[in-house]
$ cat work_5.txt   # compact mmCIF, C-alpha atoms
# COMPACT_ATOMS: atom_id res chain seq x y z
CA MET S 4 -7.59 -20.36 -10.26
CA THR S 5 -9.47 -20.35 -13.53
CA ASN S 6 -8.55 -18.19 -16.47
CA SER S 7 -12.08 -16.81 -16.59
CA LEU S 8 -11.36 -14.90 -13.38
CA LEU S 9 -8.34 -13.13 -14.78
CA ILE S 10 -8.52 -9.85 -16.58
CA SER S 11 -6.34 -10.28 -19.66
CA SER S 12 -2.77 -9.14 -19.21
CA ALA S 13 -3.11 -7.70 -22.72
CA CYS S 14 -5.00 -4.91 -20.97
CA MET S 15 -1.95 -4.11 -18.81
CA TYR S 16 0.25 -1.36 -20.08
CA ARG S 17 3.20 0.73 -18.96
CA LYS S 18 3.69 4.46 -19.39
CA SER S 19 5.86 7.32 -18.23
CA PHE S 20 4.09 10.21 -16.54
CA GLU S 21 4.32 12.26 -19.73
CA GLU S 22 2.61 9.49 -21.71
CA LEU S 23 -0.38 9.27 -19.37
CA THR S 24 -3.53 10.90 -20.67
CA LYS S 25 -5.55 13.26 -18.50
CA ALA S 26 -8.20 10.55 -18.16
CA GLU S 27 -5.57 8.02 -17.00
CA VAL S 28 -4.11 10.42 -14.42
CA TYR S 29 -7.63 11.04 -13.13
CA ALA S 30 -8.41 7.29 -12.99
CA VAL S 31 -5.16 6.56 -11.13
CA ALA S 32 -5.78 9.34 -8.60
CA LYS S 33 -9.38 8.20 -8.13
CA LEU S 34 -8.42 4.54 -7.54
CA ARG S 35 -5.60 5.41 -5.14
CA GLN S 36 -7.89 7.80 -3.24
CA GLN S 37 -10.74 5.27 -3.08
CA VAL S 38 -8.56 2.49 -1.68
CA PHE S 39 -5.78 4.16 0.29
CA ILE S 40 -7.68 7.10 1.76
CA VAL S 41 -11.39 6.22 1.83
CA GLU S 42 -11.46 2.42 2.14
CA GLN S 43 -8.43 2.17 4.44
CA ASN S 44 -9.33 5.35 6.31
CA SER S 45 -5.78 6.66 6.00
CA ILE S 46 -5.17 10.37 5.94
CA TYR S 47 -1.99 11.14 4.03
CA SER S 48 -0.82 13.10 1.01
CA ASP S 49 -1.07 10.65 -1.88
CA LEU S 50 0.17 13.19 -4.43
CA ASP S 51 3.81 13.06 -3.34
CA ASP S 52 5.62 14.59 -6.35
CA HIS S 53 7.02 11.17 -7.32
CA ASP S 54 4.48 10.38 -10.04
CA GLN S 55 6.37 12.60 -12.46
CA SER S 56 9.57 10.53 -12.14
CA SER S 57 7.88 7.12 -11.99
CA THR S 58 7.04 4.39 -14.46
CA HIS S 59 3.33 3.58 -14.24
CA TYR S 60 1.53 0.28 -14.82
CA LEU S 61 -2.20 0.24 -15.45
CA ASP S 62 -4.55 -2.67 -16.08
CA VAL S 63 -8.08 -2.01 -17.27
CA ASP S 64 -11.04 -4.32 -17.63
CA GLN S 65 -13.09 -4.94 -20.75
CA THR S 66 -15.09 -1.75 -20.14
CA GLY S 67 -11.94 0.39 -19.87
CA GLN S 68 -12.16 0.83 -16.09
CA LEU S 69 -8.85 0.93 -14.21
CA LYS S 70 -8.66 -2.11 -11.94
CA VAL S 71 -4.95 -2.48 -11.10
CA TYR S 72 -2.19 0.08 -10.73
CA GLY S 73 1.40 0.29 -9.53
CA ARG S 74 4.44 2.43 -10.10
CA PHE S 75 8.18 2.27 -9.64
CA ARG S 76 10.89 4.87 -9.58
CA HIS S 77 14.64 4.70 -9.73
CA THR S 78 16.48 6.66 -7.07
CA GLN S 79 19.96 7.28 -8.41
CA SER S 80 21.26 8.66 -5.12
CA GLN S 81 20.47 5.40 -3.32
CA SER S 82 20.89 3.02 -6.29
CA GLU S 83 17.43 1.67 -5.52
CA VAL S 84 14.25 1.03 -7.39
CA LYS S 85 11.19 1.66 -5.26
CA ILE S 86 7.90 -0.07 -6.02
CA GLU S 87 5.03 2.05 -4.75
CA ARG S 88 1.27 2.60 -4.78
CA VAL S 89 0.36 -0.96 -5.75
CA VAL S 90 -3.42 -0.94 -5.61
CA LEU S 91 -6.32 -3.06 -6.82
CA ASP S 92 -9.93 -2.09 -7.17
CA LYS S 93 -12.10 -4.09 -4.79
CA SER S 94 -13.63 -6.01 -7.72
CA ALA S 95 -10.17 -7.11 -8.93
CA ARG S 96 -8.90 -8.63 -5.69
CA GLY S 97 -8.35 -12.35 -5.24
CA LYS S 98 -8.02 -13.00 -8.98
CA GLY S 99 -4.24 -13.12 -9.32
CA LEU S 100 -4.00 -9.64 -10.81
CA GLY S 101 -1.74 -8.24 -8.10
CA LYS S 102 0.74 -11.06 -8.66
CA GLN S 103 0.50 -10.54 -12.42
CA LEU S 104 1.26 -6.82 -11.97
CA MET S 105 4.19 -7.44 -9.63
CA LYS S 106 5.75 -10.07 -11.88
CA ARG S 107 5.57 -7.71 -14.85
CA MET S 108 7.09 -4.85 -12.85
CA LEU S 109 9.87 -7.03 -11.45
CA LYS S 110 10.71 -8.39 -14.90
CA ASP S 111 11.02 -4.85 -16.28
CA ILE S 112 12.99 -3.54 -13.29
CA LEU S 113 15.45 -6.45 -13.38
CA ALA S 114 16.00 -5.89 -17.11
CA GLU S 115 16.51 -2.12 -16.79
CA PHE S 116 18.27 -1.86 -13.42
CA PRO S 117 19.97 -5.25 -12.85
CA LYS S 118 22.46 -3.95 -10.28
CA ASN S 119 20.05 -1.93 -8.13
CA LYS S 120 18.24 -2.97 -4.96
CA ILE S 121 14.48 -3.28 -5.31
CA VAL S 122 12.54 -2.10 -2.26
CA LEU S 123 8.98 -1.51 -1.21
CA SER S 124 7.04 -0.54 1.87
CA ALA S 125 4.42 -3.22 2.48
CA GLN S 126 1.32 -2.94 4.59
CA LEU S 127 1.69 -5.64 7.24
CA GLU S 128 -1.48 -7.42 6.14
CA VAL S 129 0.00 -8.10 2.67
CA ARG S 130 3.55 -8.87 3.76
CA GLU S 131 3.12 -12.58 2.93
CA PHE S 132 1.97 -11.71 -0.60
CA TYR S 133 5.24 -9.85 -1.24
CA ALA S 134 7.24 -12.62 0.47
CA SER S 135 5.74 -15.09 -2.02
CA LEU S 136 7.31 -12.98 -4.79
CA GLY S 137 10.79 -13.02 -3.26
CA PHE S 138 10.74 -10.02 -0.92
CA ILE S 139 12.30 -10.21 2.55
CA ALA S 140 11.16 -7.98 5.43
CA GLN S 141 13.80 -5.92 7.22
CA GLY S 142 13.54 -3.77 10.28
CA THR S 143 10.56 -3.21 12.49
CA PRO S 144 7.03 -2.23 11.51
CA TYR S 145 6.26 1.48 11.37
CA ASP S 146 3.17 3.62 11.05
CA ASP S 147 2.52 5.20 7.67
CA GLY S 148 -0.73 7.14 7.47
CA GLY S 149 -2.23 5.18 10.36
CA ILE S 150 -1.43 1.77 8.81
CA ASP S 151 1.43 -0.48 9.91
CA HIS S 152 4.04 -1.05 7.19
CA ILE S 153 7.38 -2.82 6.93
CA GLN S 154 10.32 -2.28 4.60
CA MET S 155 10.95 -5.18 2.21
CA PHE S 156 13.82 -5.94 -0.17
CA TYR S 157 13.72 -8.18 -3.23
CA GLN S 158 15.91 -11.26 -2.94
CA GLY S 159 14.70 -13.04 -6.06
$ encode --input "work_5.txt" --output "structure tokens"
Amino acid sequence: MTNSLLISSACMYRKSFEELTKAEVYAVAKLRQQVFIVEQNSIYSDLDDHDQSSTHYLDVDQTGQLKVYGRFRHTQSQSEVKIERVVLDKSARGKGLGKQLMKRMLKDILAEFPKNKIVLSAQLEVREFYASLGFIAQGTPYDDGGIDHIQMFYQG
């Protein structure tokens, strides 16, 4: 992989919901809708009332367009941190940006919540990507919005 393919990680930033601008909220909703609902033809309620309690990661290109997004939230009742809504614009795929995002999120989660389990629900087609980052699949696949998913736990 050449560095010229990567969008600079200096463009990646982290914000609470309250810190997001209106334009950022709109860009996040638009990217998630474009990929999860339109591109993947999955009908589900993306606005799940968890954005408000999540930590958001955004990566923009040189023109200011959102290309990579993910969020995590800490669930005190279950002592878990859930990574959710990891999404890349079609033009950003295959360039190492998803791995860059996940490594940044994992670093922050491990620093802030060192004793908590880290979980995510992976689409089956990207299960190996998450396994390469230290996640282990548990249980059986299940349907989520018409797409097969599997629960995965971070083992480091």
$ residues_around --input "work_5.txt" --residues "S:Val90" --least-positions-apart "3" --cutoff "12 Å" --atoms "only C-alpha atoms" --output "VMD selection string"
chain S and resid 31 to 40 42 to 43 59 to 62 69 to 74 86 to 87 93 to 96 100 to 102 104 to 105 125 to 126 129
$ closest_atom_pairs --input "work_5.txt" --of "stretch 21-107 of chain S" --to "stretch 131-148 of chain S" --cutoff "6 Å" --atoms "all atoms listed in the file" --output "Markdown table"
| residue | atom | partner | partner_atom | distance |
| --- | --- | --- | --- | --- |
| S:Ser45 | CA | S:Gly148 | CA | 5.3 |
| S:Ile46 | CA | S:Gly148 | CA | 5.7 |
| S:Tyr47 | CA | S:Gly148 | CA | 5.4 |
$ closest_residue --input "work_5.txt" --among "S:Gln103, S:Ser124, S:Ser19, S:Gln158" --to "S:Thr58" --atoms "all atoms listed in the file"
S:Ser19
$ residues_around --input "work_5.txt" --residues "S:Ile121" --least-positions-apart "2" --cutoff "9 Å" --atoms "only C-alpha atoms" --output "list of chain:residue names"
S:Glu83, S:Val84, S:Lys85, S:Ile86, S:Leu109, S:Ile112, S:Leu113, S:Asn119, S:Leu123, S:Phe138, S:Met155, S:Phe156, S:Tyr157, S:Gln158
$ closest_residue --input "work_5.txt" --among "S:Asp52, S:Lys110, S:Met15, S:Glu128" --to "S:Gly159" --atoms "all atoms listed in the file"
S:Lys110
$ axis_aligned_box --input "work_5.txt" --around "stretch 52-62 of chain S" --padding-each-side "6 Å" --output "lines of an AutoDock Vina configuration file"
center_x = 2.5
center_y = 6.0
center_z = -11.2
size_x = 26.1
size_y = 29.3
size_z = 21.7
$ atom_distance --input "work_5.txt" --atom1 "atom CA of S:Asp92" --atom2 "atom CA of S:His77"
25.6 Å
$ atom_distance --input "work_5.txt" --atom1 "atom CA of S:Asn44" --atom2 "atom CA of S:Gln68"
23.0 Å
$ closest_residue --input "work_5.txt" --among "S:Asp51, S:Leu23, S:Arg17, S:Gln79" --to "S:Lys118" --atoms "all atoms listed in the file"
S:Gln79
$ atom_distance --input "work_5.txt" --atom1 "atom CA of S:Thr24" --atom2 "atom CA of S:Glu115"
24.2 Å
$ decode --input "work_5.txt" --residues "stretch 7-146 of chain S" --atoms "C-alpha atoms" --output "PDB file, in the first residue's frame"
ATOM      1  CA  SER S   7      -0.436   8.352  -1.717  1.00  0.00           C
ATOM      2  CA  LEU S   8      -3.585   6.235  -1.422  1.00  0.00           C
ATOM      3  CA  LEU S   9      -4.176   7.141   2.197  1.00  0.00           C
ATOM      4  CA  ILE S  10      -6.180  10.110   3.277  1.00  0.00           C
ATOM      5  CA  SER S  11      -4.129  11.763   6.005  1.00  0.00           C
ATOM      6  CA  SER S  12      -5.020  10.662   9.511  1.00  0.00           C
ATOM      7  CA  ALA S  13      -4.607  14.327  10.445  1.00  0.00           C
ATOM      8  CA  CYS S  14      -8.050  14.702   8.890  1.00  0.00           C
ATOM      9  CA  MET S  15      -9.521  12.205  11.374  1.00  0.00           C
ATOM     10  CA  TYR S  16     -11.104  13.699  14.421  1.00  0.00           C
ATOM     11  CA  ARG S  17     -13.204  12.652  17.393  1.00  0.00           C
ATOM     12  CA  LYS S  18     -16.195  14.445  18.860  1.00  0.00           C
ATOM     13  CA  SER S  19     -19.051  13.959  21.273  1.00  0.00           C
ATOM     14  CA  PHE S  20     -22.544  14.389  19.864  1.00  0.00           C
ATOM     15  CA  GLU S  21     -22.768  17.861  21.398  1.00  0.00           C
ATOM     16  CA  GLU S  22     -19.554  18.906  19.652  1.00  0.00           C
ATOM     17  CA  LEU S  23     -20.758  17.873  16.191  1.00  0.00           C
ATOM     18  CA  THR S  24     -21.830  20.737  13.966  1.00  0.00           C
ATOM     19  CA  LYS S  25     -25.115  20.628  12.085  1.00  0.00           C
ATOM     20  CA  ALA S  26     -23.156  20.078   8.870  1.00  0.00           C
ATOM     21  CA  GLU S  27     -21.278  17.130  10.428  1.00  0.00           C
ATOM     22  CA  VAL S  28     -24.485  15.506  11.698  1.00  0.00           C
ATOM     23  CA  TYR S  29     -25.963  15.884   8.220  1.00  0.00           C
ATOM     24  CA  ALA S  30     -22.833  14.424   6.555  1.00  0.00           C
ATOM     25  CA  VAL S  31     -22.813  11.452   8.938  1.00  0.00           C
ATOM     26  CA  ALA S  32     -26.512  10.738   8.377  1.00  0.00           C
ATOM     27  CA  LYS S  33     -26.065  11.084   4.614  1.00  0.00           C
ATOM     28  CA  LEU S  34     -23.073   8.691   4.480  1.00  0.00           C
ATOM     29  CA  ARG S  35     -24.745   6.100   6.702  1.00  0.00           C
ATOM     30  CA  GLN S  36     -27.944   6.314   4.647  1.00  0.00           C
ATOM     31  CA  GLN S  37     -26.073   6.061   1.333  1.00  0.00           C
ATOM     32  CA  VAL S  38     -24.132   2.963   2.338  1.00  0.00           C
ATOM     33  CA  PHE S  39     -26.291   1.080   4.833  1.00  0.00           C
ATOM     34  CA  ILE S  40     -29.738   1.758   3.381  1.00  0.00           C
ATOM     35  CA  VAL S  41     -29.332   2.586  -0.323  1.00  0.00           C
ATOM     36  CA  GLU S  42     -26.177   0.725  -1.378  1.00  0.00           C
ATOM     37  CA  GLN S  43     -26.800  -2.340   0.802  1.00  0.00           C
ATOM     38  CA  ASN S  44     -30.554  -2.233   0.240  1.00  0.00           C
ATOM     39  CA  SER S  45     -31.227  -2.628   3.954  1.00  0.00           C
ATOM     40  CA  ILE S  46     -34.371  -1.189   5.435  1.00  0.00           C
ATOM     41  CA  TYR S  47     -33.841  -0.345   9.088  1.00  0.00           C
ATOM     42  CA  SER S  48     -33.980   2.620  11.434  1.00  0.00           C
ATOM     43  CA  ASP S  49     -30.478   4.080  11.360  1.00  0.00           C
ATOM     44  CA  LEU S  50     -31.346   6.874  13.781  1.00  0.00           C
ATOM     45  CA  ASP S  51     -31.426   4.669  16.883  1.00  0.00           C
ATOM     46  CA  ASP S  52     -31.148   7.229  19.718  1.00  0.00           C
ATOM     47  CA  HIS S  53     -27.577   6.094  20.462  1.00  0.00           C
ATOM     48  CA  ASP S  54     -25.804   8.891  18.597  1.00  0.00           C
ATOM     49  CA  GLN S  55     -26.395  11.228  21.526  1.00  0.00           C
ATOM     50  CA  SER S  56     -24.460   8.984  23.939  1.00  0.00           C
ATOM     51  CA  SER S  57     -21.718   7.970  21.498  1.00  0.00           C
ATOM     52  CA  THR S  58     -18.225   9.148  20.696  1.00  0.00           C
ATOM     53  CA  HIS S  59     -17.949   9.879  16.977  1.00  0.00           C
ATOM     54  CA  TYR S  60     -14.959   9.561  14.647  1.00  0.00           C
ATOM     55  CA  LEU S  61     -14.956  11.346  11.311  1.00  0.00           C
ATOM     56  CA  ASP S  62     -12.326  11.429   8.582  1.00  0.00           C
ATOM     57  CA  VAL S  63     -12.636  13.904   5.745  1.00  0.00           C
ATOM     58  CA  ASP S  64     -10.715  14.222   2.510  1.00  0.00           C
ATOM     59  CA  GLN S  65      -8.857  17.263   1.253  1.00  0.00           C
ATOM     60  CA  THR S  66     -12.108  18.808  -0.010  1.00  0.00           C
ATOM     61  CA  GLY S  67     -13.819  18.423   3.375  1.00  0.00           C
ATOM     62  CA  GLN S  68     -16.050  15.526   2.297  1.00  0.00           C
ATOM     63  CA  LEU S  69     -16.749  12.869   4.936  1.00  0.00           C
ATOM     64  CA  LYS S  70     -15.176   9.601   3.798  1.00  0.00           C
ATOM     65  CA  VAL S  71     -14.926   7.477   6.965  1.00  0.00           C
ATOM     66  CA  TYR S  72     -17.095   7.322  10.068  1.00  0.00           C
ATOM     67  CA  GLY S  73     -17.537   5.185  13.162  1.00  0.00           C
ATOM     68  CA  ARG S  74     -18.853   5.546  16.675  1.00  0.00           C
ATOM     69  CA  PHE S  75     -18.598   3.814  20.014  1.00  0.00           C
ATOM     70  CA  ARG S  76     -20.657   3.960  23.156  1.00  0.00           C
ATOM     71  CA  HIS S  77     -20.094   2.730  26.663  1.00  0.00           C
ATOM     72  CA  THR S  78     -22.928   0.726  28.164  1.00  0.00           C
ATOM     73  CA  GLN S  79     -22.506   0.930  31.923  1.00  0.00           C
ATOM     74  CA  SER S  80     -25.180  -1.680  32.614  1.00  0.00           C
ATOM     75  CA  GLN S  81     -23.283  -4.317  30.633  1.00  0.00           C
ATOM     76  CA  SER S  82     -19.741  -2.992  31.222  1.00  0.00           C
ATOM     77  CA  GLU S  83     -19.239  -3.040  27.460  1.00  0.00           C
ATOM     78  CA  VAL S  84     -18.067  -0.662  24.822  1.00  0.00           C
ATOM     79  CA  LYS S  85     -19.919  -1.129  21.554  1.00  0.00           C
ATOM     80  CA  ILE S  86     -18.341  -0.115  18.253  1.00  0.00           C
ATOM     81  CA  GLU S  87     -21.050   0.706  15.743  1.00  0.00           C
ATOM     82  CA  ARG S  88     -21.852   2.247  12.371  1.00  0.00           C
ATOM     83  CA  VAL S  89     -18.361   1.844  10.918  1.00  0.00           C
ATOM     84  CA  VAL S  90     -18.783   3.026   7.343  1.00  0.00           C
ATOM     85  CA  LEU S  91     -16.618   4.117   4.443  1.00  0.00           C
ATOM     86  CA  ASP S  92     -17.618   6.056   1.385  1.00  0.00           C
ATOM     87  CA  LYS S  93     -17.217   3.940  -1.747  1.00  0.00           C
ATOM     88  CA  SER S  94     -14.267   6.096  -2.872  1.00  0.00           C
ATOM     89  CA  ALA S  95     -12.414   5.453   0.413  1.00  0.00           C
ATOM     90  CA  ARG S  96     -12.538   1.656   0.400  1.00  0.00           C
ATOM     91  CA  GLY S  97      -9.472  -0.500  -0.096  1.00  0.00           C
ATOM     92  CA  LYS S  98      -7.073   2.233   1.024  1.00  0.00           C
ATOM     93  CA  GLY S  99      -6.465   1.180   4.624  1.00  0.00           C
ATOM     94  CA  LEU S 100      -8.751   3.837   6.067  1.00  0.00           C
ATOM     95  CA  GLY S 101     -11.076   1.400   7.816  1.00  0.00           C
ATOM     96  CA  LYS S 102      -8.133  -0.185   9.604  1.00  0.00           C
ATOM     97  CA  GLN S 103      -6.783   3.260  10.480  1.00  0.00           C
ATOM     98  CA  LEU S 104     -10.177   4.222  11.967  1.00  0.00           C
ATOM     99  CA  MET S 105     -10.509   1.000  13.953  1.00  0.00           C
ATOM    100  CA  LYS S 106      -6.984   1.224  15.367  1.00  0.00           C
ATOM    101  CA  ARG S 107      -7.627   4.785  16.528  1.00  0.00           C
ATOM    102  CA  MET S 108     -10.947   3.820  18.114  1.00  0.00           C
ATOM    103  CA  LEU S 109      -9.474   0.762  19.834  1.00  0.00           C
ATOM    104  CA  LYS S 110      -6.551   2.782  21.185  1.00  0.00           C
ATOM    105  CA  ASP S 111      -8.933   5.348  22.683  1.00  0.00           C
ATOM    106  CA  ILE S 112     -11.343   2.736  24.067  1.00  0.00           C
ATOM    107  CA  LEU S 113      -8.551   0.724  25.699  1.00  0.00           C
ATOM    108  CA  ALA S 114      -7.182   3.899  27.311  1.00  0.00           C
ATOM    109  CA  GLU S 115     -10.578   5.076  28.604  1.00  0.00           C
ATOM    110  CA  PHE S 116     -12.274   1.766  29.440  1.00  0.00           C
ATOM    111  CA  PRO S 117      -9.452  -0.741  30.075  1.00  0.00           C
ATOM    112  CA  LYS S 118     -11.599  -3.186  32.058  1.00  0.00           C
ATOM    113  CA  ASN S 119     -14.615  -3.290  29.724  1.00  0.00           C
ATOM    114  CA  LYS S 120     -15.397  -5.775  26.968  1.00  0.00           C
ATOM    115  CA  ILE S 121     -15.293  -4.334  23.458  1.00  0.00           C
ATOM    116  CA  VAL S 122     -17.972  -5.712  21.146  1.00  0.00           C
ATOM    117  CA  LEU S 123     -19.308  -5.133  17.677  1.00  0.00           C
ATOM    118  CA  SER S 124     -21.812  -6.628  15.300  1.00  0.00           C
ATOM    119  CA  ALA S 125     -20.015  -7.396  12.044  1.00  0.00           C
ATOM    120  CA  GLN S 126     -21.554  -7.980   8.672  1.00  0.00           C
ATOM    121  CA  LEU S 127     -20.448 -11.484   7.687  1.00  0.00           C
ATOM    122  CA  GLU S 128     -18.652 -10.245   4.574  1.00  0.00           C
ATOM    123  CA  VAL S 129     -16.251  -8.144   6.695  1.00  0.00           C
ATOM    124  CA  ARG S 130     -15.785 -10.596   9.550  1.00  0.00           C
ATOM    125  CA  GLU S 131     -12.195 -11.340   8.473  1.00  0.00           C
ATOM    126  CA  PHE S 132     -11.352  -7.629   8.520  1.00  0.00           C
ATOM    127  CA  TYR S 133     -12.364  -7.411  12.184  1.00  0.00           C
ATOM    128  CA  ALA S 134     -10.605 -10.708  12.961  1.00  0.00           C
ATOM    129  CA  SER S 135      -7.381  -9.171  11.603  1.00  0.00           C
ATOM    130  CA  LEU S 136      -7.742  -6.482  14.293  1.00  0.00           C
ATOM    131  CA  GLY S 137      -8.134  -8.975  17.147  1.00  0.00           C
ATOM    132  CA  PHE S 138     -11.885  -9.622  17.217  1.00  0.00           C
ATOM    133  CA  ILE S 139     -13.257 -13.142  17.736  1.00  0.00           C
ATOM    134  CA  ALA S 140     -16.689 -14.198  16.458  1.00  0.00           C
ATOM    135  CA  GLN S 141     -19.112 -15.716  18.954  1.00  0.00           C
ATOM    136  CA  GLY S 142     -22.484 -17.264  18.432  1.00  0.00           C
ATOM    137  CA  THR S 143     -24.308 -17.857  15.214  1.00  0.00           C
ATOM    138  CA  PRO S 144     -25.003 -15.410  12.397  1.00  0.00           C
ATOM    139  CA  TYR S 145     -28.238 -13.438  12.595  1.00  0.00           C
ATOM    140  CA  ASP S 146     -30.226 -11.202  10.304  1.00  0.00           C
TER     141      ASP S 146
END
